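*Asks:* To be precise about what I am sending: the file is called model03.cif and holds mmCIF, C-alpha atoms.
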```cif
data_work
loop_
_atom_site.label_atom_id
_atom_site.label_comp_id
_atom_site.auth_asym_id
_atom_site.auth_seq_id
_atom_site.Cartn_x
_atom_site.Cartn_y
_atom_site.Cartn_z
CA MET A 1343 40.34 -10.64 280.97
CA LYS A 1344 40.62 -11.92 277.40
CA LYS A 1345 42.05 -10.24 274.36
CA GLU A 1346 41.99 -11.26 270.71
CA ILE A 1347 45.36 -11.47 268.99
CA ASN A 1348 46.45 -12.15 265.40
CA PHE A 1349 49.78 -13.66 264.46
CA VAL A 1350 51.40 -15.99 261.97
CA LEU A 1351 52.07 -19.45 263.39
CA ASN A 1352 54.11 -21.84 261.23
CA ASP A 1353 53.11 -19.95 258.07
CA SER A 1354 49.36 -19.90 258.89
CA GLU A 1355 47.49 -16.90 260.15
CA VAL A 1356 45.94 -17.42 263.57
CA THR A 1357 43.31 -15.40 265.40
CA ILE A 1358 42.78 -16.41 268.99
CA ALA A 1359 41.32 -14.94 272.16
CA VAL A 1360 43.85 -15.35 274.98
CA GLU A 1361 43.64 -14.73 278.69
CA THR A 1362 45.98 -11.83 279.39
CA HIS A 1363 48.11 -13.70 281.94
CA LYS A 1364 48.88 -16.62 279.62
CA ARG A 1365 52.37 -17.18 278.28
CA LEU A 1366 53.16 -18.16 274.70
CA ILE A 1367 53.84 -21.75 275.76
CA ASP A 1368 50.43 -21.92 277.46
CA ILE A 1369 48.54 -21.13 274.26
CA LEU A 1370 50.79 -23.32 272.09
CA ARG A 1371 50.34 -26.42 274.23
CA GLY A 1372 46.77 -25.49 275.23
CA PRO A 1373 44.23 -24.18 272.71
CA LEU A 1374 46.60 -24.44 269.72
CA ASN A 1375 47.33 -28.09 270.47
CA LEU A 1376 51.03 -28.01 269.56
CA HIS A 1377 52.74 -30.27 272.08
CA GLY A 1378 56.23 -30.28 270.54
CA THR A 1379 57.26 -27.24 272.55
CA ARG A 1380 58.13 -28.43 276.06
CA GLU A 1381 58.11 -26.75 279.44
CA GLY A 1382 61.08 -27.74 281.56
CA CYS A 1383 62.04 -25.20 284.20
CA GLY A 1384 59.58 -22.45 283.30
CA GLU A 1385 62.23 -19.87 284.20
CA GLY A 1386 64.25 -19.40 281.03
CA GLU A 1387 67.13 -21.63 282.14
CA CYS A 1388 66.63 -24.91 280.26
CA GLY A 1389 65.47 -23.80 276.81
CA ALA A 1390 63.10 -26.76 276.26
CA CYS A 1391 60.39 -24.21 275.40
CA THR A 1392 62.47 -22.44 272.72
CA VAL A 1393 60.50 -21.19 269.70
CA ILE A 1394 61.37 -18.60 267.05
CA VAL A 1395 59.62 -15.22 267.12
CA ASP A 1396 60.45 -12.88 264.21
CA SER A 1397 63.61 -14.85 263.35
CA ARG A 1398 64.95 -14.92 266.91
CA ALA A 1399 64.98 -17.79 269.41
CA VAL A 1400 63.05 -16.99 272.58
CA ASN A 1401 61.92 -18.84 275.71
CA SER A 1402 58.16 -19.24 275.22
CA CYS A 1403 57.78 -19.76 279.00
CA LEU A 1404 58.78 -16.12 279.62
CA TYR A 1405 56.95 -14.62 276.65
CA PRO A 1406 53.53 -13.10 277.34
CA ALA A 1407 51.16 -14.58 274.74
CA ILE A 1408 49.72 -11.16 273.94
CA GLU A 1409 53.14 -9.96 272.77
CA VAL A 1410 53.09 -12.20 269.66
CA GLU A 1411 50.43 -9.91 268.14
CA GLY A 1412 51.48 -9.20 264.54
CA LYS A 1413 54.59 -11.39 264.79
CA LYS A 1414 55.77 -14.58 263.06
CA VAL A 1415 56.14 -17.60 265.33
CA ILE A 1416 57.79 -20.88 264.33
CA THR A 1417 57.57 -23.97 266.53
CA ILE A 1418 59.14 -27.41 266.02
CA GLU A 1419 55.93 -28.45 264.19
CA GLY A 1420 56.65 -25.77 261.59
CA LEU A 1421 59.90 -27.43 260.54
CA LEU A 1422 58.36 -30.38 258.70
CA ASN A 1423 58.84 -30.20 254.96
CA ARG A 1424 56.05 -30.80 252.46
CA GLY A 1425 54.62 -34.30 252.84
CA ASN A 1426 55.48 -34.27 256.56
CA GLN A 1427 59.14 -35.08 255.89
CA LEU A 1428 61.63 -34.24 258.62
CA SER A 1429 63.76 -31.18 257.88
CA ALA A 1430 67.53 -31.38 257.46
CA ILE A 1431 68.17 -30.29 261.06
CA GLN A 1432 65.79 -32.91 262.45
CA LYS A 1433 67.33 -35.64 260.28
CA ALA A 1434 70.82 -34.63 261.44
CA PHE A 1435 69.79 -34.94 265.11
CA VAL A 1436 68.40 -38.43 264.45
CA GLU A 1437 71.42 -39.54 262.45
CA LYS A 1438 74.07 -38.28 264.90
CA GLY A 1439 72.29 -39.43 268.05
CA GLY A 1440 71.63 -35.88 269.20
CA ILE A 1441 68.39 -37.16 270.71
CA GLN A 1442 68.17 -39.35 273.78
CA CYS A 1443 64.87 -39.09 275.66
CA GLY A 1444 63.83 -36.30 273.30
CA PHE A 1445 62.55 -33.82 275.88
CA CYS A 1446 65.14 -31.14 275.14
CA THR A 1447 65.29 -31.89 271.40
CA PRO A 1448 62.64 -29.48 270.06
CA GLY A 1449 64.32 -26.62 271.92
CA MET A 1450 67.78 -27.67 270.74
CA ILE A 1451 66.51 -27.83 267.16
CA MET A 1452 64.82 -24.43 267.30
CA SER A 1453 68.01 -22.84 268.69
CA THR A 1454 69.95 -24.58 265.91
CA LYS A 1455 67.52 -23.28 263.28
CA ALA A 1456 67.82 -19.71 264.56
CA LEU A 1457 71.62 -20.05 264.44
CA LEU A 1458 71.87 -21.60 260.97
CA ASP A 1459 69.33 -19.17 259.47
CA SER A 1460 71.61 -16.26 260.39
CA ASN A 1461 74.99 -17.99 260.31
CA PRO A 1462 75.23 -20.98 257.91
CA ASN A 1463 78.90 -21.64 258.80
CA PRO A 1464 79.12 -21.59 262.60
CA THR A 1465 82.37 -22.46 264.36
CA ASP A 1466 82.37 -24.98 267.21
CA GLU A 1467 82.51 -22.10 269.66
CA GLU A 1468 79.56 -20.35 268.03
CA ILE A 1469 77.56 -23.57 268.25
CA ARG A 1470 78.41 -23.97 271.94
CA ASN A 1471 77.61 -20.33 272.66
CA THR A 1472 74.25 -20.75 270.92
CA LEU A 1473 73.28 -23.89 272.81
CA VAL A 1474 74.29 -22.45 276.21
CA GLY A 1475 70.60 -21.81 276.87
CA ASN A 1476 69.51 -25.39 276.10
CA LEU A 1477 70.07 -28.10 278.70
CA CYS A 1478 70.16 -31.84 277.96
CA ARG A 1479 70.09 -34.04 281.08
CA CYS A 1480 70.42 -37.43 279.36
CA THR A 1481 73.95 -37.51 278.11
CA GLY A 1482 76.55 -35.04 276.99
CA TYR A 1483 76.56 -32.44 274.31
CA VAL A 1484 79.03 -34.00 271.87
CA GLN A 1485 76.41 -35.72 269.70
CA ILE A 1486 74.25 -32.62 269.79
CA ILE A 1487 77.09 -30.44 268.52
CA ASP A 1488 77.88 -33.09 265.87
CA SER A 1489 74.21 -32.93 264.84
CA VAL A 1490 74.37 -29.17 264.38
CA LYS A 1491 77.53 -29.50 262.27
CA LEU A 1492 75.94 -32.18 260.08
CA ALA A 1493 72.82 -30.04 259.67
CA ALA A 1494 74.95 -27.05 258.64
CA ASN A 1495 76.79 -29.15 256.05
CA THR A 1496 73.59 -30.68 254.65
CA LEU A 1497 71.92 -27.29 254.36
CA LYS A 1498 74.95 -25.82 252.59
CA LYS A 1499 75.00 -28.66 250.03
CA SER A 1500 71.26 -28.31 249.35
CA LYS A 1501 71.67 -24.64 248.43
CA MET B 317 50.62 -18.15 287.05
CA ASN B 318 48.73 -15.54 288.99
CA LYS B 319 46.09 -13.87 286.86
CA PHE B 320 46.86 -10.35 285.68
CA ASN B 321 45.58 -7.80 283.19
CA TYR B 322 48.04 -6.97 280.44
CA PHE B 323 48.14 -3.83 278.34
CA ASN B 324 50.51 -3.06 275.49
CA PRO B 325 50.05 0.62 274.77
CA LYS B 326 51.49 2.12 271.58
CA SER B 327 52.53 5.53 272.97
CA LEU B 328 53.88 7.11 276.15
CA LYS B 329 50.65 9.11 276.41
CA GLU B 330 48.64 5.89 276.59
CA ILE B 331 51.02 4.62 279.27
CA TRP B 332 50.43 7.62 281.52
CA GLU B 333 46.66 7.20 281.12
CA LEU B 334 46.85 3.52 282.04
CA LYS B 335 49.15 4.25 284.98
CA GLU B 336 46.66 6.75 286.35
CA LYS B 337 43.86 4.25 285.97
CA TYR B 338 45.87 1.38 287.48
CA PRO B 339 48.26 2.97 290.00
CA ASP B 340 49.32 -0.42 291.40
CA SER B 341 50.34 -1.74 287.99
CA TRP B 342 53.88 -2.87 287.12
CA TYR B 343 55.74 -1.94 283.98
CA ILE B 344 57.12 -4.87 281.98
CA ALA B 345 60.00 -4.69 279.47
CA GLY B 346 61.52 -7.98 278.21
CA GLY B 347 60.03 -9.82 281.17
CA THR B 348 62.91 -12.26 281.60
CA ASP B 349 63.21 -11.35 285.29
CA LEU B 350 59.65 -10.16 285.96
CA MET B 351 57.88 -13.24 284.57
CA VAL B 352 60.06 -15.48 286.76
CA LYS B 353 59.22 -13.40 289.85
CA ILE B 354 55.51 -13.64 289.05
CA LYS B 355 55.74 -17.39 288.49
CA ASN B 356 57.56 -17.85 291.80
CA ARG B 357 54.95 -15.64 293.51
CA GLU B 358 57.58 -13.18 294.72
CA ILE B 359 55.33 -10.46 293.31
CA LYS B 360 51.63 -10.59 292.50
CA PRO B 361 50.80 -7.71 290.17
CA SER B 362 47.16 -7.40 289.14
CA THR B 363 48.05 -5.35 286.05
CA LEU B 364 51.09 -5.22 283.77
CA ILE B 365 51.76 -2.34 281.40
CA SER B 366 54.09 -3.42 278.61
CA LEU B 367 56.65 -0.98 277.21
CA ARG B 368 57.45 -3.23 274.24
CA SER B 369 55.19 -1.63 271.62
CA ILE B 370 56.63 1.88 271.95
CA PRO B 371 59.16 2.24 269.10
CA GLU B 372 60.80 5.42 270.45
CA LEU B 373 62.00 3.51 273.51
CA SER B 374 64.29 1.26 271.46
CA VAL B 375 66.10 3.96 269.50
CA ILE B 376 69.89 4.33 269.74
CA LYS B 377 71.35 7.74 268.86
CA THR B 378 75.10 8.26 268.57
CA GLU B 379 75.67 12.01 268.65
CA ASP B 380 77.77 13.97 271.19
CA VAL B 381 75.72 12.31 273.86
CA ILE B 382 75.04 8.67 273.09
CA SER B 383 71.44 7.82 273.90
CA ILE B 384 70.38 4.20 274.27
CA GLY B 385 66.64 3.54 274.44
CA SER B 386 65.82 1.50 277.52
CA LEU B 387 63.87 -1.10 275.52
CA THR B 388 66.88 -1.93 273.32
CA THR B 389 67.29 -5.69 273.57
CA ILE B 390 70.66 -7.05 274.63
CA THR B 391 70.97 -8.68 271.17
CA ASP B 392 70.35 -5.35 269.39
CA LEU B 393 72.89 -3.72 271.69
CA ILE B 394 75.51 -6.35 270.80
CA ASN B 395 74.76 -6.02 267.06
CA HIS B 396 75.11 -2.22 267.06
CA THR B 397 78.51 -1.73 265.41
CA LYS B 398 78.80 1.97 266.24
CA LEU B 399 78.21 1.30 269.95
CA ALA B 400 80.69 -1.56 269.85
CA SER B 401 83.39 0.74 268.52
CA LEU B 402 82.58 3.54 270.99
CA PHE B 403 82.08 1.48 274.15
CA PRO B 404 83.53 -2.03 273.68
CA ILE B 405 83.27 -2.64 277.45
CA LEU B 406 79.48 -2.38 277.29
CA ILE B 407 79.28 -4.92 274.48
CA GLN B 408 81.81 -7.17 276.25
CA ALA B 409 79.50 -7.29 279.29
CA ALA B 410 76.30 -7.59 277.24
CA LYS B 411 77.63 -10.70 275.53
CA MET B 412 77.98 -12.39 278.93
CA ILE B 413 74.30 -12.03 279.80
CA GLY B 414 72.28 -15.26 279.90
CA SER B 415 71.59 -17.25 276.74
CA PRO B 416 70.69 -16.15 273.19
CA GLN B 417 67.02 -16.74 274.06
CA ILE B 418 67.32 -14.36 277.03
CA ARG B 419 69.40 -11.75 275.17
CA ASN B 420 66.84 -11.71 272.34
CA VAL B 421 64.14 -10.33 274.65
CA ALA B 422 65.89 -8.94 277.74
CA THR B 423 66.48 -5.19 277.56
CA ILE B 424 69.21 -2.88 278.83
CA GLY B 425 66.61 -0.90 280.78
CA GLY B 426 65.25 -4.05 282.37
CA ASN B 427 68.75 -5.15 283.34
CA LEU B 428 69.14 -1.87 285.25
CA CYS B 429 65.61 -1.54 286.68
CA ASN B 430 65.69 -5.08 288.07
CA CYS B 431 68.37 -3.60 290.34
CA SER B 432 70.31 -6.79 290.85
CA PRO B 433 73.76 -6.28 292.37
CA CYS B 434 75.05 -8.60 289.62
CA ALA B 435 73.50 -6.74 286.63
CA ASP B 436 76.07 -7.18 283.87
CA THR B 437 75.42 -3.92 281.99
CA ALA B 438 75.46 -1.86 285.21
CA LEU B 439 79.22 -2.05 285.78
CA PRO B 440 80.35 -0.77 282.36
CA LEU B 441 77.69 1.94 282.51
CA LEU B 442 78.90 2.96 285.99
CA VAL B 443 82.51 3.40 284.85
CA LEU B 444 81.32 5.19 281.69
CA GLU B 445 79.45 7.54 284.07
CA ALA B 446 76.16 6.96 282.28
CA ARG B 447 73.03 8.83 283.27
CA ALA B 448 69.52 7.43 283.52
CA ILE B 449 66.67 9.47 282.05
CA LEU B 450 63.53 8.92 284.11
CA THR B 451 60.22 10.04 282.65
CA ASN B 452 56.60 10.28 283.69
CA SER B 453 53.60 12.34 282.54
CA LYS B 454 55.05 15.43 284.24
CA GLY B 455 58.41 15.34 282.46
CA SER B 456 61.90 13.88 282.66
CA ARG B 457 64.78 14.02 285.11
CA GLU B 458 68.37 12.89 284.75
CA VAL B 459 70.03 10.77 287.43
CA PRO B 460 73.68 9.68 287.49
CA LEU B 461 73.65 5.90 287.37
CA ASN B 462 75.53 5.59 290.67
CA GLU B 463 72.54 7.26 292.36
CA PHE B 464 69.98 5.11 290.50
CA PHE B 465 70.49 1.91 292.51
CA LEU B 466 69.22 1.96 296.10
CA GLY B 467 69.34 -1.74 296.96
CA PRO B 468 68.39 -5.19 295.65
CA ALA B 469 65.26 -4.74 293.48
CA LYS B 470 65.13 -1.09 294.55
CA SER B 471 65.84 1.93 292.37
CA CYS B 472 65.20 5.63 292.68
CA LEU B 473 62.32 5.37 290.17
CA ASN B 474 59.07 6.56 291.70
CA GLN B 475 55.79 4.68 291.22
CA THR B 476 54.93 6.33 287.89
CA GLU B 477 58.34 6.81 286.29
CA ILE B 478 59.90 4.84 283.46
CA LEU B 479 63.59 4.60 282.64
CA THR B 480 63.38 5.83 279.04
CA GLN B 481 66.99 6.36 277.96
CA ILE B 482 70.55 5.84 279.08
CA HIS B 483 72.91 8.69 278.19
CA ILE B 484 76.69 8.40 277.90
CA ASP B 485 79.05 11.23 276.95
CA LYS B 486 80.98 10.47 273.79
CA SER B 487 84.18 11.62 275.56
CA SER B 488 84.01 8.46 277.71
CA SER B 489 84.90 6.48 274.59
CA ASN B 490 88.44 7.87 274.69
CA PHE B 491 89.47 5.76 277.66
CA GLN B 492 90.60 2.15 277.90
CA SER B 493 88.34 -0.12 279.87
CA THR B 494 87.63 -3.77 280.56
CA PHE B 495 85.04 -5.99 282.26
CA LEU B 496 85.77 -9.25 284.08
CA LYS B 497 83.08 -11.65 285.27
CA LYS B 498 83.24 -14.89 287.21
CA GLY B 499 80.33 -17.28 286.81
CA ARG B 500 80.06 -21.02 287.38
CA VAL B 501 78.97 -21.73 283.82
CA ARG B 502 78.62 -19.54 280.76
CA MET B 503 75.05 -18.35 281.29
CA ASP B 504 75.27 -17.92 285.06
CA LEU B 505 74.72 -14.75 287.02
CA ALA B 506 78.01 -13.27 288.19
CA ILE B 507 79.58 -14.65 291.37
CA ALA B 508 81.56 -11.43 291.23
CA SER B 509 82.51 -8.97 288.51
CA VAL B 510 84.70 -5.92 288.04
CA ALA B 511 84.82 -3.09 285.51
CA VAL B 512 87.87 -0.81 285.26
CA LEU B 513 88.34 2.31 283.14
CA LEU B 514 91.66 4.18 283.01
CA GLU B 515 92.44 7.59 281.55
CA MET B 516 96.13 7.43 280.74
CA LYS B 517 98.62 10.06 279.61
CA GLU B 518 101.67 8.09 278.57
CA LYS B 519 102.60 6.18 281.75
CA THR B 520 100.55 8.34 284.11
CA CYS B 521 97.04 7.40 285.15
CA LEU B 522 95.04 10.66 285.20
CA GLN B 523 91.92 9.04 286.52
CA ALA B 524 90.61 5.56 287.27
CA ARG B 525 87.02 4.44 287.52
CA ILE B 526 86.35 1.06 289.10
CA ALA B 527 83.08 -0.75 289.79
CA ALA B 528 82.32 -4.13 291.36
CA GLY B 529 79.28 -6.40 291.02
CA SER B 530 77.67 -9.04 293.29
CA VAL B 531 79.63 -7.85 296.33
CA ALA B 532 77.29 -5.21 297.83
CA PRO B 533 73.54 -4.48 297.86
CA VAL B 534 74.03 -2.47 294.64
CA PRO B 535 76.47 -2.45 291.72
CA LEU B 536 79.18 -0.39 293.38
CA ARG B 537 81.69 2.29 292.38
CA LEU B 538 84.88 1.91 294.42
CA TYR B 539 85.75 5.60 294.78
CA GLN B 540 88.40 5.09 297.47
CA VAL B 541 90.28 2.66 295.26
CA GLU B 542 90.03 5.08 292.34
CA GLU B 543 91.58 7.93 294.35
CA LEU B 544 94.68 5.86 294.93
CA PHE B 545 95.52 5.75 291.22
CA GLN B 546 94.67 9.34 290.36
CA ASN B 547 97.60 11.26 288.76
CA SER B 548 100.09 8.52 289.44
CA ILE B 549 102.21 5.91 287.77
CA ILE B 550 100.63 2.62 288.75
CA THR B 551 103.03 0.23 290.51
CA SER B 552 102.51 -3.30 291.76
CA GLU B 553 102.65 -2.01 295.38
CA MET B 554 99.85 0.38 294.54
CA ILE B 555 97.77 -2.48 293.13
CA LYS B 556 98.29 -4.42 296.37
CA GLU B 557 97.13 -1.41 298.36
CA ALA B 558 94.13 -1.07 296.02
CA GLN B 559 93.17 -4.69 296.67
CA LYS B 560 93.19 -4.01 300.43
CA ILE B 561 91.07 -0.89 300.13
CA ALA B 562 88.64 -2.69 297.79
CA LEU B 563 88.10 -5.46 300.34
CA ASN B 564 87.15 -2.85 302.94
CA SER B 565 84.72 -1.16 300.55
CA ILE B 566 82.65 -4.23 299.69
CA SER B 567 80.21 -6.28 301.76
CA PRO B 568 79.61 -9.57 299.93
CA ILE B 569 77.17 -12.18 301.20
CA THR B 570 77.21 -15.96 301.07
CA ASP B 571 74.45 -17.38 298.90
CA VAL B 572 73.71 -20.30 296.59
CA ARG B 573 76.29 -19.11 294.05
CA SER B 574 79.28 -18.48 296.28
CA THR B 575 80.65 -17.78 299.74
CA ASP B 576 81.50 -14.23 300.79
CA VAL B 577 85.14 -15.31 301.25
CA TYR B 578 85.44 -16.46 297.63
CA ARG B 579 83.79 -13.28 296.37
CA ARG B 580 86.39 -11.19 298.24
CA GLU B 581 89.13 -13.31 296.74
CA ILE B 582 87.83 -12.77 293.20
CA ILE B 583 87.49 -9.00 293.56
CA GLY B 584 91.13 -8.70 294.61
CA VAL B 585 92.30 -10.86 291.73
CA PHE B 586 90.07 -9.13 289.17
CA ILE B 587 91.23 -5.62 290.11
CA LYS B 588 94.81 -6.70 289.57
CA GLN B 589 94.02 -8.56 286.33
CA ALA B 590 91.96 -5.73 284.88
CA ILE B 591 94.58 -3.06 285.59
CA GLN B 592 97.41 -5.22 284.27
CA GLU B 593 95.37 -5.94 281.13
CA LEU B 594 94.79 -2.22 280.54
CA LEU B 595 98.40 -1.26 281.23
CA GLY B 596 99.46 -3.98 278.75
#
```
Could you take the file, read its structure, and then write that structure out as structure tokens?
*Replies:*
Amino acid sequence: MKKEINFVLNDSEVTIAVETHKRLIDILRGPLNLHGTREGCGEGECGACTVIVDSRAVNSCLYPAIEVEGKKVITIEGLLNRGNQLSAIQKAFVEKGGIQCGFCTPGMIMSTKALLDSNPNPTDEEIRNTLVGNLCRCTGYVQIIDSVKLAANTLKKSK
Amino acid sequence: MNKFNYFNPKSLKEIWELKEKYPDSWYIAGGTDLMVKIKNREIKPSTLISLRSIPELSVIKTEDVISIGSLTTITDLINHTKLASLFPILIQAAKMIGSPQIRNVATIGGNLCNCSPCADTALPLLVLEARAILTNSKGSREVPLNEFFLGPAKSCLNQTEILTQIHIDKSSSNFQSTFLKKGRVRMDLAIASVAVLLEMKEKTCLQARIAAGSVAPVPLRLYQVEELFQNSIITSEMIKEAQKIALNSISPITDVRSTDVYRREIIGVFIKQAIQELLG
């Protein structure tokens, strides 16, 4: 069974026929060809598949694709500035070494974006509580938290 | 993923029509538990009926009876300032559920209907003596929450019913209460958890309501422990006696998260900690 849905994906309107059992991550990585969103555990534990739906971070591996009808979805690809420049959050992750193998990075960055959009001045504890749903198996979380802090500072200065 | 049909009706009326047409269908709320069960092939529904596009199911009303729509997400619950001031224990527990990504889609109704013995919102709602409103095409019935849970993944909902609202009497907001949860890491399911509510008149405890999680097939009210404290001044001997009675009331299992022995240990400690915290 297929059903046509309309939604806004990274500021562009999308109309697509989806099989009713597909999850959001399936259509992102499949027909929509956006491979930045990763599937780790597929059970909502690791957060590698994190995207933003209507301003809130969600696990796209648990989100039925049909449910994005009429909603606004942002993936890691939607963060690039004009001229394909990395956004402040992405630059901060590169600069502070918040990326190792990179598998968890898109999810980390989307969680960070959702946090900073609603809370531009997060405390260390708020950062940790936000990233509790994003696992990194390469190293530790110190550089990642430093990256979020740098991103917050950069964004504040640019305002 | 198994293939399934998926409907997102816009009204309760449409839901009842779909349910009649697809009697074997499952209802889906936030899906954070259901989608995992489908992926792991624990269940193989051929049709899902989504409750997410029905606005009336996510309404919160704070009148004499507080009514929380079952589709209220955990995030919306936490952000509701009026609820937080009325029932801080509920918000305290809600904040301990999963990750932001989970809380943004998981619902209070889903947390209850999944019928996990460790459901974080179940314990505060049990000690607040909340009632579940169950509705189908024929009408609604009200069930005290302690009668709602029948076992792991088993509630008293019949095949067609939906949990539509959770009702709590405003008078329950007059009591002091607290929730304690032990998990391995921040976003873990509870190894064990305890909720305690005390109605105090100066130094006398008029009534106590105590519930425990992850230590029985259902989130459990510990009535025998409660009786001990009724109309009495709570002493440390009484707390010791309460710990003993609690251990006889629960039946924890050993699983991947903990041994039964450790769970017993935690319940004893938590009952003491919670009561001491409330007595100040």
*Asks:* Of the candidates A:Lys1501, A:His1363, A:His1377, A:Lys1345, which one gets nearest to Leu1404 (chain A) if we count only C-alpha atoms?
*Replies:*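 The shortest atom-to-atom distance to Leu1404 (chain A) comes from A:His1363.
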*Asks:* On this file, the PyMOL selection byres ((chain A) within 6 of (chain B)) gives some set of residues; write that set as a PDB file with C-alpha atoms, keeping the file's coordinate frame.
*Replies:*
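Done, and the output landed in out.pdb:
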```
ATOM      1  CA  THR A1362      45.980 -11.830 279.390  1.00  0.00           C
ATOM      2  CA  HIS A1363      48.110 -13.700 281.940  1.00  0.00           C
ATOM      3  CA  GLU A1385      62.230 -19.870 284.200  1.00  0.00           C
ATOM      4  CA  ALA A1399      64.980 -17.790 269.410  1.00  0.00           C
ATOM      5  CA  VAL A1400      63.050 -16.990 272.580  1.00  0.00           C
ATOM      6  CA  ASN A1401      61.920 -18.840 275.710  1.00  0.00           C
ATOM      7  CA  LEU A1404      58.780 -16.120 279.620  1.00  0.00           C
ATOM      8  CA  VAL A1474      74.290 -22.450 276.210  1.00  0.00           C
ATOM      9  CA  GLY A1475      70.600 -21.810 276.870  1.00  0.00           C
TER      10      GLY A1475
END
```
*Asks:* Taking the file above as input, evaluate the PyMOL selection byres ((chain B and resi 532) around 9) and report the hits as a PyMOL selection string.
*Replies:* chain B and resi 433+467+528-531+533-536+565-569
*Asks:* Can you write out the residues you just picked, keeping C-alpha atoms, as a CSV table (one decimal), in the frame of the given file?
*Replies:*
```csv
chain,number,residue,atom,x,y,z
B,433,PRO,CA,73.8,-6.3,292.4
B,467,GLY,CA,69.3,-1.7,297.0
B,528,ALA,CA,82.3,-4.1,291.4
B,529,GLY,CA,79.3,-6.4,291.0
B,530,SER,CA,77.7,-9.0,293.3
B,531,VAL,CA,79.6,-7.8,296.3
B,533,PRO,CA,73.5,-4.5,297.9
B,534,VAL,CA,74.0,-2.5,294.6
B,535,PRO,CA,76.5,-2.4,291.7
B,536,LEU,CA,79.2,-0.4,293.4
B,565,SER,CA,84.7,-1.2,300.6
B,566,ILE,CA,82.6,-4.2,299.7
B,567,SER,CA,80.2,-6.3,301.8
B,568,PRO,CA,79.6,-9.6,299.9
B,569,ILE,CA,77.2,-12.2,301.2
```
*Asks:* Could you list the residues chosen by the PyMOL selection byres ((chain B and resi 512) around 12) in this structure as an MDAnalysis selection string?
*Replies:* chainID B and resid 405:406 439:445 491:497 509:511 513:515 523:529 536:539 541:542 545 583 586:595
*Asks:* Tell me which protein, DNA and RNA residues are within 7 Å of region 1412-1425 of chain A, counting only C-alpha atoms, leaving out same-chain ones fewer than 2 positions away, and put them as a list in words.
*Replies:* Asn1348, Phe1349, Val1350, Leu1351, Asn1352, Gly1378, Thr1379, Val1393, Ile1394, Val1395, Asp1396, Val1410, Gln1427, Leu1428, Ser1429, Pro1448 and Met1452 of chain A
*Asks:* Would you please work out which residue, of B:Thr480, B:Ala410, B:Leu466, B:Tyr338, is nearest to Ser386 (chain B) when using all atoms listed in the file?
*Replies:*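 Looking at the shortest contact to Ser386 (chain B), the residue is B:Thr480.
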*Asks:* Mind checking which residues fall within 7 Å of Asp485 (chain B), counting only C-alpha atoms, ignoring those fewer than 5 positions away in the same chain, and posting them as a ChimeraX atom specification?
*Replies:* /B:380-382
*Asks:* Taking C-alpha atoms for each residue, export the selection above as a PDB file, in the frame of the given file.
*Replies:*
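Produced file part-v1.pdb, reproduced below:
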```pdb
ATOM      1  CA  ASP B 380      77.770  13.970 271.190  1.00  0.00           C
ATOM      2  CA  VAL B 381      75.720  12.310 273.860  1.00  0.00           C
ATOM      3  CA  ILE B 382      75.040   8.670 273.090  1.00  0.00           C
TER       4      ILE B 382
END
```
*Asks:* Choose the residue, out of A:Gly1384, A:Pro1462, A:Gly1440, A:Gly1449, that has the smallest atom-to-atom separation from Ile1487 (chain A); count all atoms listed in the file.
*Replies:* A:Gly1440
*Asks:* For Cys521 (chain B), which residue out of B:Leu544, B:Ala508, B:Ile550, B:Ala469 is the nearest one, using all atoms listed in the file?
*Replies:*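 Of B:Leu544, B:Ala508, B:Ile550, B:Ala469, the one nearest Cys521 (chain B) is B:Ile550, counting all atoms listed in the file.
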*Asks:* Complete region 1423-1428 of chain A with N, CA, C and O atoms (output as a PDB file, keeping the file's coordinate frame).
*Replies:*
```
ATOM      1  N   ASN A1423      58.927 -30.567 256.372  1.00  0.00           N
ATOM      2  CA  ASN A1423      58.840 -30.200 254.960  1.00  0.00           C
ATOM      3  C   ASN A1423      57.512 -30.696 254.391  1.00  0.00           C
ATOM      4  O   ASN A1423      56.755 -31.389 255.065  1.00  0.00           O
ATOM      5  N   ARG A1424      57.280 -30.348 253.122  1.00  0.00           N
ATOM      6  CA  ARG A1424      56.050 -30.800 252.460  1.00  0.00           C
ATOM      7  C   ARG A1424      55.963 -32.329 252.525  1.00  0.00           C
ATOM      8  O   ARG A1424      56.971 -33.011 252.406  1.00  0.00           O
ATOM      9  N   GLY A1425      54.779 -32.853 252.726  1.00  0.00           N
ATOM     10  CA  GLY A1425      54.620 -34.300 252.840  1.00  0.00           C
ATOM     11  C   GLY A1425      55.067 -34.822 254.197  1.00  0.00           C
ATOM     12  O   GLY A1425      55.395 -35.996 254.341  1.00  0.00           O
ATOM     13  N   ASN A1426      55.107 -33.904 255.192  1.00  0.00           N
ATOM     14  CA  ASN A1426      55.480 -34.270 256.560  1.00  0.00           C
ATOM     15  C   ASN A1426      56.855 -34.951 256.684  1.00  0.00           C
ATOM     16  O   ASN A1426      57.055 -35.827 257.523  1.00  0.00           O
ATOM     17  N   GLN A1427      57.773 -34.570 255.798  1.00  0.00           N
ATOM     18  CA  GLN A1427      59.140 -35.080 255.890  1.00  0.00           C
ATOM     19  C   GLN A1427      59.916 -34.273 256.926  1.00  0.00           C
ATOM     20  O   GLN A1427      59.750 -33.058 257.011  1.00  0.00           O
ATOM     21  N   LEU A1428      60.794 -34.968 257.663  1.00  0.00           N
ATOM     22  CA  LEU A1428      61.630 -34.240 258.620  1.00  0.00           C
ATOM     23  C   LEU A1428      62.563 -33.279 257.874  1.00  0.00           C
ATOM     24  O   LEU A1428      63.037 -33.594 256.778  1.00  0.00           O
TER      25      LEU A1428
END
```
